[in-house]
>>> print(open('data.cif').read())   # mmCIF, N, CA and C atoms
data_data
#
loop_
_atom_site.label_atom_id
_atom_site.label_comp_id
_atom_site.auth_asym_id
_atom_site.auth_seq_id
_atom_site.Cartn_x
_atom_site.Cartn_y
_atom_site.Cartn_z
N MET P 1 -71.49 -27.35 146.90
CA MET P 1 -70.09 -27.67 147.05
C MET P 1 -69.98 -29.12 147.51
N LYS P 2 -69.19 -29.89 146.82
CA LYS P 2 -69.04 -31.30 147.12
C LYS P 2 -67.76 -31.53 147.92
N ARG P 3 -67.89 -32.26 149.03
CA ARG P 3 -66.72 -32.60 149.83
C ARG P 3 -66.27 -34.02 149.48
N ASN P 4 -64.98 -34.20 149.43
CA ASN P 4 -64.49 -35.55 149.20
C ASN P 4 -64.10 -36.18 150.54
N ALA P 5 -63.86 -37.47 150.52
CA ALA P 5 -63.57 -38.21 151.75
C ALA P 5 -62.24 -37.76 152.36
N TYR P 6 -61.31 -37.31 151.54
CA TYR P 6 -60.03 -36.87 152.08
C TYR P 6 -60.20 -35.61 152.91
N GLY P 7 -61.09 -34.72 152.52
CA GLY P 7 -61.35 -33.51 153.30
C GLY P 7 -61.92 -33.85 154.66
N VAL P 8 -62.84 -34.80 154.70
CA VAL P 8 -63.43 -35.24 155.96
C VAL P 8 -62.36 -35.91 156.81
N GLY P 9 -61.51 -36.73 156.20
CA GLY P 9 -60.44 -37.38 156.93
C GLY P 9 -59.49 -36.37 157.55
N ARG P 10 -59.18 -35.31 156.81
CA ARG P 10 -58.30 -34.27 157.34
C ARG P 10 -58.94 -33.58 158.54
N ILE P 11 -60.23 -33.32 158.45
CA ILE P 11 -60.93 -32.66 159.55
C ILE P 11 -60.92 -33.56 160.78
N VAL P 12 -61.22 -34.84 160.61
CA VAL P 12 -61.24 -35.77 161.74
C VAL P 12 -59.83 -35.91 162.32
N PHE P 13 -58.82 -36.00 161.47
CA PHE P 13 -57.45 -36.11 161.95
C PHE P 13 -57.05 -34.86 162.71
N SER P 14 -57.43 -33.68 162.20
CA SER P 14 -57.11 -32.43 162.88
C SER P 14 -57.77 -32.36 164.24
N LEU P 15 -59.03 -32.78 164.32
CA LEU P 15 -59.72 -32.78 165.61
C LEU P 15 -59.08 -33.76 166.59
N ALA P 16 -58.69 -34.93 166.10
CA ALA P 16 -58.03 -35.91 166.97
C ALA P 16 -56.70 -35.37 167.48
N LEU P 17 -55.94 -34.74 166.60
CA LEU P 17 -54.66 -34.15 166.99
C LEU P 17 -54.88 -33.04 168.01
N LEU P 18 -55.90 -32.24 167.82
CA LEU P 18 -56.23 -31.17 168.75
C LEU P 18 -56.61 -31.73 170.11
N MET P 19 -57.35 -32.85 170.12
CA MET P 19 -57.74 -33.47 171.38
C MET P 19 -56.53 -34.01 172.14
N ILE P 20 -55.48 -34.37 171.42
CA ILE P 20 -54.28 -34.87 172.07
C ILE P 20 -53.41 -33.71 172.55
N ILE P 21 -53.33 -32.63 171.78
CA ILE P 21 -52.42 -31.54 172.09
C ILE P 21 -52.97 -30.61 173.17
N LEU P 22 -54.27 -30.34 173.17
CA LEU P 22 -54.82 -29.39 174.13
C LEU P 22 -54.60 -29.77 175.59
N PRO P 23 -54.79 -31.04 176.00
CA PRO P 23 -54.49 -31.36 177.39
C PRO P 23 -53.01 -31.17 177.75
N VAL P 24 -52.13 -31.41 176.80
CA VAL P 24 -50.71 -31.22 177.06
C VAL P 24 -50.43 -29.75 177.31
N ILE P 25 -51.04 -28.88 176.51
CA ILE P 25 -50.86 -27.44 176.69
C ILE P 25 -51.47 -27.01 178.02
N ALA P 26 -52.64 -27.55 178.36
CA ALA P 26 -53.29 -27.18 179.62
C ALA P 26 -52.43 -27.58 180.81
N PHE P 27 -51.83 -28.77 180.77
CA PHE P 27 -50.98 -29.20 181.87
C PHE P 27 -49.70 -28.37 181.92
N ALA P 28 -49.21 -27.94 180.77
CA ALA P 28 -48.00 -27.13 180.75
C ALA P 28 -48.24 -25.75 181.34
N ILE P 29 -49.45 -25.22 181.17
CA ILE P 29 -49.77 -23.89 181.68
C ILE P 29 -50.14 -23.94 183.16
N GLY P 30 -50.58 -25.09 183.63
CA GLY P 30 -51.06 -25.22 185.01
C GLY P 30 -49.99 -24.95 186.05
N THR P 31 -50.38 -25.08 187.30
CA THR P 31 -49.47 -24.83 188.41
C THR P 31 -48.43 -25.94 188.49
N PRO P 32 -47.23 -25.61 189.00
CA PRO P 32 -46.21 -26.64 189.11
C PRO P 32 -46.57 -27.67 190.17
N HIS P 33 -45.94 -28.83 190.09
CA HIS P 33 -46.17 -29.89 191.06
C HIS P 33 -45.68 -29.46 192.44
N ALA P 34 -46.13 -30.17 193.44
CA ALA P 34 -45.66 -29.89 194.79
C ALA P 34 -44.14 -30.04 194.81
N GLY P 35 -43.48 -29.04 195.35
CA GLY P 35 -42.03 -29.08 195.37
C GLY P 35 -41.43 -28.66 194.04
N GLY P 36 -42.26 -28.15 193.13
CA GLY P 36 -41.77 -27.75 191.82
C GLY P 36 -41.06 -26.41 191.88
N THR P 37 -40.67 -25.94 190.73
CA THR P 37 -39.93 -24.69 190.67
C THR P 37 -40.83 -23.57 190.23
N PRO P 38 -40.53 -22.33 190.63
CA PRO P 38 -41.34 -21.21 190.17
C PRO P 38 -41.19 -21.00 188.67
N SER P 39 -42.12 -20.28 188.11
CA SER P 39 -42.13 -20.06 186.67
C SER P 39 -40.86 -19.34 186.22
N GLY P 40 -40.29 -19.80 185.12
CA GLY P 40 -39.12 -19.15 184.56
C GLY P 40 -37.81 -19.78 184.95
N SER P 41 -37.79 -20.67 185.93
CA SER P 41 -36.54 -21.30 186.32
C SER P 41 -36.44 -22.68 185.67
N THR P 42 -35.29 -23.28 185.77
CA THR P 42 -35.08 -24.59 185.15
C THR P 42 -35.59 -25.70 186.07
N ILE P 43 -35.87 -26.82 185.46
CA ILE P 43 -36.34 -27.99 186.21
C ILE P 43 -35.22 -29.00 186.25
N ASP P 44 -34.87 -29.45 187.42
CA ASP P 44 -33.84 -30.47 187.58
C ASP P 44 -34.52 -31.83 187.64
N LEU P 45 -34.30 -32.66 186.61
CA LEU P 45 -34.97 -33.96 186.54
C LEU P 45 -34.47 -34.95 187.57
N ARG P 46 -33.36 -34.64 188.23
CA ARG P 46 -32.91 -35.54 189.29
C ARG P 46 -33.83 -35.45 190.51
N THR P 47 -34.44 -34.29 190.72
CA THR P 47 -35.37 -34.15 191.85
C THR P 47 -36.81 -34.38 191.43
N LEU P 48 -37.14 -34.07 190.20
CA LEU P 48 -38.49 -34.25 189.69
C LEU P 48 -38.43 -35.26 188.56
N ASN P 49 -38.78 -36.49 188.83
CA ASN P 49 -38.69 -37.56 187.85
C ASN P 49 -40.11 -37.91 187.39
N PRO P 50 -40.54 -37.37 186.23
CA PRO P 50 -41.93 -37.59 185.82
C PRO P 50 -42.24 -39.04 185.45
N LEU P 51 -41.25 -39.82 185.03
CA LEU P 51 -41.49 -41.21 184.63
C LEU P 51 -41.28 -42.20 185.77
N ASN P 52 -40.68 -41.75 186.85
CA ASN P 52 -40.33 -42.62 187.97
C ASN P 52 -39.49 -43.80 187.51
N CYS P 53 -38.53 -43.52 186.63
CA CYS P 53 -37.65 -44.56 186.08
C CYS P 53 -36.21 -44.24 186.44
N GLU P 54 -35.47 -45.29 186.69
CA GLU P 54 -34.05 -45.13 187.02
C GLU P 54 -33.13 -45.69 185.95
N ASP P 55 -33.66 -46.47 184.98
CA ASP P 55 -32.82 -47.08 183.97
C ASP P 55 -33.50 -47.01 182.60
N ILE P 56 -32.72 -47.32 181.56
CA ILE P 56 -33.19 -47.22 180.18
C ILE P 56 -34.36 -48.16 179.88
N PRO P 57 -34.34 -49.42 180.30
CA PRO P 57 -35.48 -50.30 179.99
C PRO P 57 -36.79 -49.79 180.58
N CYS P 58 -36.72 -49.18 181.74
CA CYS P 58 -37.93 -48.61 182.34
C CYS P 58 -38.46 -47.45 181.51
N VAL P 59 -37.55 -46.62 180.98
CA VAL P 59 -37.96 -45.50 180.14
C VAL P 59 -38.58 -46.01 178.84
N VAL P 60 -37.98 -47.03 178.24
CA VAL P 60 -38.52 -47.61 177.01
C VAL P 60 -39.91 -48.19 177.26
N GLN P 61 -40.08 -48.89 178.38
CA GLN P 61 -41.38 -49.46 178.72
C GLN P 61 -42.41 -48.36 178.93
N ALA P 62 -42.01 -47.27 179.57
CA ALA P 62 -42.94 -46.16 179.80
C ALA P 62 -43.35 -45.51 178.48
N LEU P 63 -42.39 -45.34 177.57
CA LEU P 63 -42.71 -44.73 176.28
C LEU P 63 -43.63 -45.63 175.45
N ILE P 64 -43.36 -46.92 175.44
CA ILE P 64 -44.21 -47.83 174.68
C ILE P 64 -45.60 -47.90 175.30
N GLY P 65 -45.68 -47.85 176.62
CA GLY P 65 -46.98 -47.81 177.28
C GLY P 65 -47.76 -46.56 176.91
N ALA P 66 -47.07 -45.42 176.85
CA ALA P 66 -47.73 -44.17 176.45
C ALA P 66 -48.20 -44.25 175.01
N LEU P 67 -47.36 -44.82 174.13
CA LEU P 67 -47.77 -44.99 172.74
C LEU P 67 -49.00 -45.88 172.62
N PHE P 68 -49.07 -46.90 173.47
CA PHE P 68 -50.24 -47.78 173.45
C PHE P 68 -51.50 -47.01 173.81
N TRP P 69 -51.44 -46.22 174.87
CA TRP P 69 -52.64 -45.49 175.30
C TRP P 69 -53.01 -44.39 174.33
N ILE P 70 -52.06 -43.88 173.56
CA ILE P 70 -52.38 -42.91 172.51
C ILE P 70 -52.95 -43.63 171.30
N SER P 71 -52.45 -44.84 171.03
CA SER P 71 -52.87 -45.56 169.82
C SER P 71 -54.31 -46.07 169.91
N VAL P 72 -54.81 -46.31 171.09
CA VAL P 72 -56.18 -46.83 171.22
C VAL P 72 -57.20 -45.83 170.66
N PRO P 73 -57.21 -44.55 171.09
CA PRO P 73 -58.19 -43.63 170.50
C PRO P 73 -57.91 -43.31 169.04
N VAL P 74 -56.62 -43.26 168.66
CA VAL P 74 -56.30 -42.97 167.26
C VAL P 74 -56.80 -44.09 166.36
N THR P 75 -56.62 -45.34 166.79
CA THR P 75 -57.12 -46.48 166.01
C THR P 75 -58.63 -46.42 165.90
N THR P 76 -59.30 -46.12 167.00
CA THR P 76 -60.76 -46.02 166.98
C THR P 76 -61.22 -44.94 166.01
N ILE P 77 -60.57 -43.79 166.06
CA ILE P 77 -60.94 -42.69 165.17
C ILE P 77 -60.70 -43.07 163.71
N MET P 78 -59.58 -43.72 163.43
CA MET P 78 -59.29 -44.08 162.05
C MET P 78 -60.24 -45.15 161.52
N VAL P 79 -60.66 -46.08 162.38
CA VAL P 79 -61.65 -47.07 161.95
C VAL P 79 -62.98 -46.37 161.65
N LEU P 80 -63.34 -45.39 162.47
CA LEU P 80 -64.56 -44.63 162.21
C LEU P 80 -64.45 -43.83 160.91
N VAL P 81 -63.28 -43.25 160.65
CA VAL P 81 -63.08 -42.52 159.40
C VAL P 81 -63.21 -43.46 158.21
N GLY P 82 -62.59 -44.63 158.31
CA GLY P 82 -62.70 -45.62 157.23
C GLY P 82 -64.14 -46.06 157.02
N GLY P 83 -64.87 -46.27 158.10
CA GLY P 83 -66.29 -46.62 157.98
C GLY P 83 -67.10 -45.52 157.34
N PHE P 84 -66.78 -44.27 157.70
CA PHE P 84 -67.47 -43.13 157.09
C PHE P 84 -67.16 -43.05 155.60
N GLN P 85 -65.93 -43.33 155.22
CA GLN P 85 -65.56 -43.32 153.80
C GLN P 85 -66.33 -44.40 153.05
N ILE P 86 -66.49 -45.57 153.66
CA ILE P 86 -67.24 -46.64 153.02
C ILE P 86 -68.70 -46.27 152.90
N LEU P 87 -69.27 -45.68 153.96
CA LEU P 87 -70.69 -45.30 153.92
C LEU P 87 -70.98 -44.21 152.89
N THR P 88 -70.02 -43.31 152.69
CA THR P 88 -70.24 -42.21 151.74
C THR P 88 -69.71 -42.52 150.35
N ALA P 89 -69.31 -43.75 150.11
CA ALA P 89 -68.76 -44.11 148.79
C ALA P 89 -69.83 -44.03 147.71
N ALA P 90 -71.05 -44.32 148.04
CA ALA P 90 -72.18 -44.24 147.10
C ALA P 90 -71.91 -45.03 145.82
N GLY P 91 -71.36 -46.23 145.96
CA GLY P 91 -71.14 -47.08 144.80
C GLY P 91 -69.83 -46.84 144.08
N ASN P 92 -69.06 -45.86 144.51
CA ASN P 92 -67.77 -45.57 143.89
C ASN P 92 -66.74 -46.56 144.43
N PRO P 93 -66.22 -47.45 143.59
CA PRO P 93 -65.29 -48.47 144.09
C PRO P 93 -63.99 -47.90 144.63
N GLU P 94 -63.53 -46.77 144.11
CA GLU P 94 -62.28 -46.17 144.59
C GLU P 94 -62.45 -45.66 146.01
N LYS P 95 -63.57 -45.01 146.30
CA LYS P 95 -63.81 -44.51 147.66
C LYS P 95 -64.02 -45.67 148.62
N PHE P 96 -64.69 -46.71 148.18
CA PHE P 96 -64.89 -47.89 149.02
C PHE P 96 -63.54 -48.52 149.35
N LYS P 97 -62.68 -48.64 148.35
CA LYS P 97 -61.36 -49.23 148.55
C LYS P 97 -60.52 -48.36 149.49
N SER P 98 -60.65 -47.04 149.38
CA SER P 98 -59.92 -46.13 150.26
C SER P 98 -60.37 -46.30 151.71
N GLY P 99 -61.67 -46.44 151.94
CA GLY P 99 -62.18 -46.66 153.29
C GLY P 99 -61.73 -47.99 153.86
N ARG P 100 -61.78 -49.03 153.02
CA ARG P 100 -61.33 -50.35 153.45
C ARG P 100 -59.85 -50.34 153.81
N ASN P 101 -59.04 -49.66 152.99
CA ASN P 101 -57.60 -49.57 153.27
C ASN P 101 -57.34 -48.79 154.56
N THR P 102 -58.12 -47.74 154.81
CA THR P 102 -57.96 -46.98 156.05
C THR P 102 -58.19 -47.87 157.26
N ILE P 103 -59.23 -48.68 157.21
CA ILE P 103 -59.52 -49.59 158.33
C ILE P 103 -58.42 -50.64 158.46
N ILE P 104 -57.99 -51.21 157.35
CA ILE P 104 -56.95 -52.24 157.39
C ILE P 104 -55.65 -51.67 157.95
N TYR P 105 -55.24 -50.48 157.50
CA TYR P 105 -53.99 -49.89 157.98
C TYR P 105 -54.08 -49.54 159.46
N ALA P 106 -55.24 -49.09 159.91
CA ALA P 106 -55.40 -48.77 161.34
C ALA P 106 -55.26 -50.03 162.19
N VAL P 107 -55.89 -51.11 161.76
CA VAL P 107 -55.83 -52.36 162.51
C VAL P 107 -54.42 -52.95 162.47
N VAL P 108 -53.76 -52.90 161.32
CA VAL P 108 -52.39 -53.42 161.22
C VAL P 108 -51.44 -52.59 162.09
N GLY P 109 -51.60 -51.28 162.09
CA GLY P 109 -50.77 -50.43 162.94
C GLY P 109 -50.96 -50.73 164.41
N PHE P 110 -52.21 -50.94 164.81
CA PHE P 110 -52.48 -51.27 166.21
C PHE P 110 -51.90 -52.64 166.56
N ALA P 111 -51.98 -53.59 165.62
CA ALA P 111 -51.40 -54.91 165.86
C ALA P 111 -49.88 -54.81 166.03
N ILE P 112 -49.23 -53.95 165.26
CA ILE P 112 -47.79 -53.76 165.39
C ILE P 112 -47.45 -53.20 166.78
N ILE P 113 -48.26 -52.29 167.26
CA ILE P 113 -48.02 -51.73 168.60
C ILE P 113 -48.20 -52.81 169.67
N LEU P 114 -49.23 -53.66 169.51
CA LEU P 114 -49.43 -54.74 170.47
C LEU P 114 -48.26 -55.72 170.44
N VAL P 115 -47.77 -56.04 169.26
CA VAL P 115 -46.63 -56.95 169.15
C VAL P 115 -45.39 -56.31 169.78
N SER P 116 -45.21 -55.01 169.61
CA SER P 116 -44.05 -54.33 170.21
C SER P 116 -44.10 -54.41 171.73
N LEU P 117 -45.30 -54.35 172.31
CA LEU P 117 -45.41 -54.52 173.76
C LEU P 117 -44.92 -55.91 174.17
N GLY P 118 -45.31 -56.92 173.43
CA GLY P 118 -44.87 -58.28 173.73
C GLY P 118 -43.38 -58.46 173.54
N ILE P 119 -42.82 -57.85 172.52
CA ILE P 119 -41.38 -57.97 172.26
C ILE P 119 -40.58 -57.33 173.39
N VAL P 120 -41.02 -56.17 173.85
CA VAL P 120 -40.31 -55.51 174.95
C VAL P 120 -40.35 -56.38 176.20
N ASP P 121 -41.50 -56.95 176.50
CA ASP P 121 -41.60 -57.84 177.67
C ASP P 121 -40.72 -59.07 177.49
N LEU P 122 -40.66 -59.62 176.29
CA LEU P 122 -39.83 -60.78 176.02
C LEU P 122 -38.35 -60.46 176.21
N ILE P 123 -37.92 -59.32 175.69
CA ILE P 123 -36.51 -58.91 175.82
C ILE P 123 -36.17 -58.67 177.29
N ARG P 124 -37.09 -58.03 178.01
CA ARG P 124 -36.83 -57.79 179.45
C ARG P 124 -36.71 -59.10 180.21
N SER P 125 -37.53 -60.09 179.86
CA SER P 125 -37.45 -61.36 180.58
C SER P 125 -36.18 -62.14 180.21
N ILE P 126 -35.71 -61.99 178.98
CA ILE P 126 -34.47 -62.66 178.56
C ILE P 126 -33.27 -62.01 179.24
N ILE P 127 -33.26 -60.71 179.34
CA ILE P 127 -32.13 -59.99 179.94
C ILE P 127 -32.04 -60.31 181.44
N ARG P 128 -33.16 -60.44 182.09
CA ARG P 128 -33.14 -60.76 183.52
C ARG P 128 -32.75 -62.18 183.67
#
>>> encode(input="data.cif", output="structure tokens")
Amino acid sequence: MKRNAYGVGRIVFSLALLMIILPVIAFAIGTPHAGGTPSGSTIDLRTLNPLNCEDIPCVVQALIGALFWISVPVTTIMVLVGGFQILTAAGNPEKFKSGRNTIIYAVVGFAIILVSLGIVDLIRSIIR
């Protein structure tokens, strides 16, 4: 049975997604924070502020920061997937091109995230 590079990419993507989702599920199942509410009741975000933000720019900065820390391992995984596609191309120019494009798109996506961090800081400094 012959596997193609897309099947391997799907497996790697699924594993990466699982690595991101499982800790979220584990924290959701865990015990509540100190001063938290018992299971089954509602959470009042005025008393429990997970982002420690009081205004919209702080929330935007926190979300972009979280996206940055998520993008680092995703970019690394996608570069590895692209490298694996290139290594397994075995002289097939289409598979080689697919691997090269995977690496290029991962790097360009990460560059866009880095630029967005700079833009947010620039806008915050202009507004102040």
>>> atom_distance(input="data.cif", atom1="CA of Val81 (chain P)", atom2="CA of Val12 (chain P)")
7.4 Å
>>> atom_distance(input="data.cif", atom1="CA of Asp55 (chain P)", atom2="CA of Ile112 (chain P)")
24.8 Å
>>> residues_around(input="data.cif", residues="Ile86 (chain P)", least_positions_apart="6", cutoff="6.5 Å", atoms="all atoms listed in the file", output="count of residues only")
5
>>> atom_distance(input="data.cif", atom1="CA of Ala16 (chain P)", atom2="CA of Ile77 (chain P)")
7.6 Å
>>> resolve_selection(input="data.cif", expression="the PyMOL selection byres (((chain P and resi 57-74 and name CA) around 10) and name CA)", output="number ranges by chain")
P: 13, 16-17, 20, 51-56, 75-80, 106, 109-110, 113-114, 116-117, 120-121, 123-124
>>> closest_residue(input="data.cif", among="P:Gly118, P:Ser125, P:Ala111, P:Gly82", to="Lys97 (chain P)", atoms="only C-alpha atoms")
P:Gly82
>>> select_by_dssp(input="data.cif", residues="region 42-119 of chain P", states="helix (DSSP H, G or I)", output="short mmCIF file (atom, residue, chain, number, x, y, z; two decimals) with N, CA and C atoms, in the coordinates of the input")
data_model
loop_
_atom_site.label_atom_id
_atom_site.label_comp_id
_atom_site.auth_asym_id
_atom_site.auth_seq_id
_atom_site.Cartn_x
_atom_site.Cartn_y
_atom_site.Cartn_z
N ILE P 56 -32.72 -47.32 181.56
CA ILE P 56 -33.19 -47.22 180.18
C ILE P 56 -34.36 -48.16 179.88
N PRO P 57 -34.34 -49.42 180.30
CA PRO P 57 -35.48 -50.30 179.99
C PRO P 57 -36.79 -49.79 180.58
N CYS P 58 -36.72 -49.18 181.74
CA CYS P 58 -37.93 -48.61 182.34
C CYS P 58 -38.46 -47.45 181.51
N VAL P 59 -37.55 -46.62 180.98
CA VAL P 59 -37.96 -45.50 180.14
C VAL P 59 -38.58 -46.01 178.84
N VAL P 60 -37.98 -47.03 178.24
CA VAL P 60 -38.52 -47.61 177.01
C VAL P 60 -39.91 -48.19 177.26
N GLN P 61 -40.08 -48.89 178.38
CA GLN P 61 -41.38 -49.46 178.72
C GLN P 61 -42.41 -48.36 178.93
N ALA P 62 -42.01 -47.27 179.57
CA ALA P 62 -42.94 -46.16 179.80
C ALA P 62 -43.35 -45.51 178.48
N LEU P 63 -42.39 -45.34 177.57
CA LEU P 63 -42.71 -44.73 176.28
C LEU P 63 -43.63 -45.63 175.45
N ILE P 64 -43.36 -46.92 175.44
CA ILE P 64 -44.21 -47.83 174.68
C ILE P 64 -45.60 -47.90 175.30
N GLY P 65 -45.68 -47.85 176.62
CA GLY P 65 -46.98 -47.81 177.28
C GLY P 65 -47.76 -46.56 176.91
N ALA P 66 -47.07 -45.42 176.85
CA ALA P 66 -47.73 -44.17 176.45
C ALA P 66 -48.20 -44.25 175.01
N LEU P 67 -47.36 -44.82 174.13
CA LEU P 67 -47.77 -44.99 172.74
C LEU P 67 -49.00 -45.88 172.62
N PHE P 68 -49.07 -46.90 173.47
CA PHE P 68 -50.24 -47.78 173.45
C PHE P 68 -51.50 -47.01 173.81
N TRP P 69 -51.44 -46.22 174.87
CA TRP P 69 -52.64 -45.49 175.30
C TRP P 69 -53.01 -44.39 174.33
N ILE P 70 -52.06 -43.88 173.56
CA ILE P 70 -52.38 -42.91 172.51
C ILE P 70 -52.95 -43.63 171.30
N SER P 71 -52.45 -44.84 171.03
CA SER P 71 -52.87 -45.56 169.82
C SER P 71 -54.31 -46.07 169.91
N VAL P 72 -54.81 -46.31 171.09
CA VAL P 72 -56.18 -46.83 171.22
C VAL P 72 -57.20 -45.83 170.66
N PRO P 73 -57.21 -44.55 171.09
CA PRO P 73 -58.19 -43.63 170.50
C PRO P 73 -57.91 -43.31 169.04
N VAL P 74 -56.62 -43.26 168.66
CA VAL P 74 -56.30 -42.97 167.26
C VAL P 74 -56.80 -44.09 166.36
N THR P 75 -56.62 -45.34 166.79
CA THR P 75 -57.12 -46.48 166.01
C THR P 75 -58.63 -46.42 165.90
N THR P 76 -59.30 -46.12 167.00
CA THR P 76 -60.76 -46.02 166.98
C THR P 76 -61.22 -44.94 166.01
N ILE P 77 -60.57 -43.79 166.06
CA ILE P 77 -60.94 -42.69 165.17
C ILE P 77 -60.70 -43.07 163.71
N MET P 78 -59.58 -43.72 163.43
CA MET P 78 -59.29 -44.08 162.05
C MET P 78 -60.24 -45.15 161.52
N VAL P 79 -60.66 -46.08 162.38
CA VAL P 79 -61.65 -47.07 161.95
C VAL P 79 -62.98 -46.37 161.65
N LEU P 80 -63.34 -45.39 162.47
CA LEU P 80 -64.56 -44.63 162.21
C LEU P 80 -64.45 -43.83 160.91
N VAL P 81 -63.28 -43.25 160.65
CA VAL P 81 -63.08 -42.52 159.40
C VAL P 81 -63.21 -43.46 158.21
N GLY P 82 -62.59 -44.63 158.31
CA GLY P 82 -62.70 -45.62 157.23
C GLY P 82 -64.14 -46.06 157.02
N GLY P 83 -64.87 -46.27 158.10
CA GLY P 83 -66.29 -46.62 157.98
C GLY P 83 -67.10 -45.52 157.34
N PHE P 84 -66.78 -44.27 157.70
CA PHE P 84 -67.47 -43.13 157.09
C PHE P 84 -67.16 -43.05 155.60
N GLN P 85 -65.93 -43.33 155.22
CA GLN P 85 -65.56 -43.32 153.80
C GLN P 85 -66.33 -44.40 153.05
N ILE P 86 -66.49 -45.57 153.66
CA ILE P 86 -67.24 -46.64 153.02
C ILE P 86 -68.70 -46.27 152.90
N LEU P 87 -69.27 -45.68 153.96
CA LEU P 87 -70.69 -45.30 153.92
C LEU P 87 -70.98 -44.21 152.89
N PRO P 93 -66.22 -47.45 143.59
CA PRO P 93 -65.29 -48.47 144.09
C PRO P 93 -63.99 -47.90 144.63
N GLU P 94 -63.53 -46.77 144.11
CA GLU P 94 -62.28 -46.17 144.59
C GLU P 94 -62.45 -45.66 146.01
N LYS P 95 -63.57 -45.01 146.30
CA LYS P 95 -63.81 -44.51 147.66
C LYS P 95 -64.02 -45.67 148.62
N PHE P 96 -64.69 -46.71 148.18
CA PHE P 96 -64.89 -47.89 149.02
C PHE P 96 -63.54 -48.52 149.35
N LYS P 97 -62.68 -48.64 148.35
CA LYS P 97 -61.36 -49.23 148.55
C LYS P 97 -60.52 -48.36 149.49
N SER P 98 -60.65 -47.04 149.38
CA SER P 98 -59.92 -46.13 150.26
C SER P 98 -60.37 -46.30 151.71
N GLY P 99 -61.67 -46.44 151.94
CA GLY P 99 -62.18 -46.66 153.29
C GLY P 99 -61.73 -47.99 153.86
N ARG P 100 -61.78 -49.03 153.02
CA ARG P 100 -61.33 -50.35 153.45
C ARG P 100 -59.85 -50.34 153.81
N ASN P 101 -59.04 -49.66 152.99
CA ASN P 101 -57.60 -49.57 153.27
C ASN P 101 -57.34 -48.79 154.56
N THR P 102 -58.12 -47.74 154.81
CA THR P 102 -57.96 -46.98 156.05
C THR P 102 -58.19 -47.87 157.26
N ILE P 103 -59.23 -48.68 157.21
CA ILE P 103 -59.52 -49.59 158.33
C ILE P 103 -58.42 -50.64 158.46
N ILE P 104 -57.99 -51.21 157.35
CA ILE P 104 -56.95 -52.24 157.39
C ILE P 104 -55.65 -51.67 157.95
N TYR P 105 -55.24 -50.48 157.50
CA TYR P 105 -53.99 -49.89 157.98
C TYR P 105 -54.08 -49.54 159.46
N ALA P 106 -55.24 -49.09 159.91
CA ALA P 106 -55.40 -48.77 161.34
C ALA P 106 -55.26 -50.03 162.19
N VAL P 107 -55.89 -51.11 161.76
CA VAL P 107 -55.83 -52.36 162.51
C VAL P 107 -54.42 -52.95 162.47
N VAL P 108 -53.76 -52.90 161.32
CA VAL P 108 -52.39 -53.42 161.22
C VAL P 108 -51.44 -52.59 162.09
N GLY P 109 -51.60 -51.28 162.09
CA GLY P 109 -50.77 -50.43 162.94
C GLY P 109 -50.96 -50.73 164.41
N PHE P 110 -52.21 -50.94 164.81
CA PHE P 110 -52.48 -51.27 166.21
C PHE P 110 -51.90 -52.64 166.56
N ALA P 111 -51.98 -53.59 165.62
CA ALA P 111 -51.40 -54.91 165.86
C ALA P 111 -49.88 -54.81 166.03
N ILE P 112 -49.23 -53.95 165.26
CA ILE P 112 -47.79 -53.76 165.39
C ILE P 112 -47.45 -53.20 166.78
N ILE P 113 -48.26 -52.29 167.26
CA ILE P 113 -48.02 -51.73 168.60
C ILE P 113 -48.20 -52.81 169.67
N LEU P 114 -49.23 -53.66 169.51
CA LEU P 114 -49.43 -54.74 170.47
C LEU P 114 -48.26 -55.72 170.44
N VAL P 115 -47.77 -56.04 169.26
CA VAL P 115 -46.63 -56.95 169.15
C VAL P 115 -45.39 -56.31 169.78
N SER P 116 -45.21 -55.01 169.61
CA SER P 116 -44.05 -54.33 170.21
C SER P 116 -44.10 -54.41 171.73
N LEU P 117 -45.30 -54.35 172.31
CA LEU P 117 -45.41 -54.52 173.76
C LEU P 117 -44.92 -55.91 174.17
N GLY P 118 -45.31 -56.92 173.43
CA GLY P 118 -44.87 -58.28 173.73
C GLY P 118 -43.38 -58.46 173.54
N ILE P 119 -42.82 -57.85 172.52
CA ILE P 119 -41.38 -57.97 172.26
C ILE P 119 -40.58 -57.33 173.39
#
>>> axis_aligned_box(input="data.cif", around="region 106-115 of chain P", padding_each_side="5 Å", output="AutoDock Vina command-line options")
--center_x -50.6 --center_y -52.9 --center_z 165.2 --size_x 20.5 --size_y 18.2 --size_z 20.6
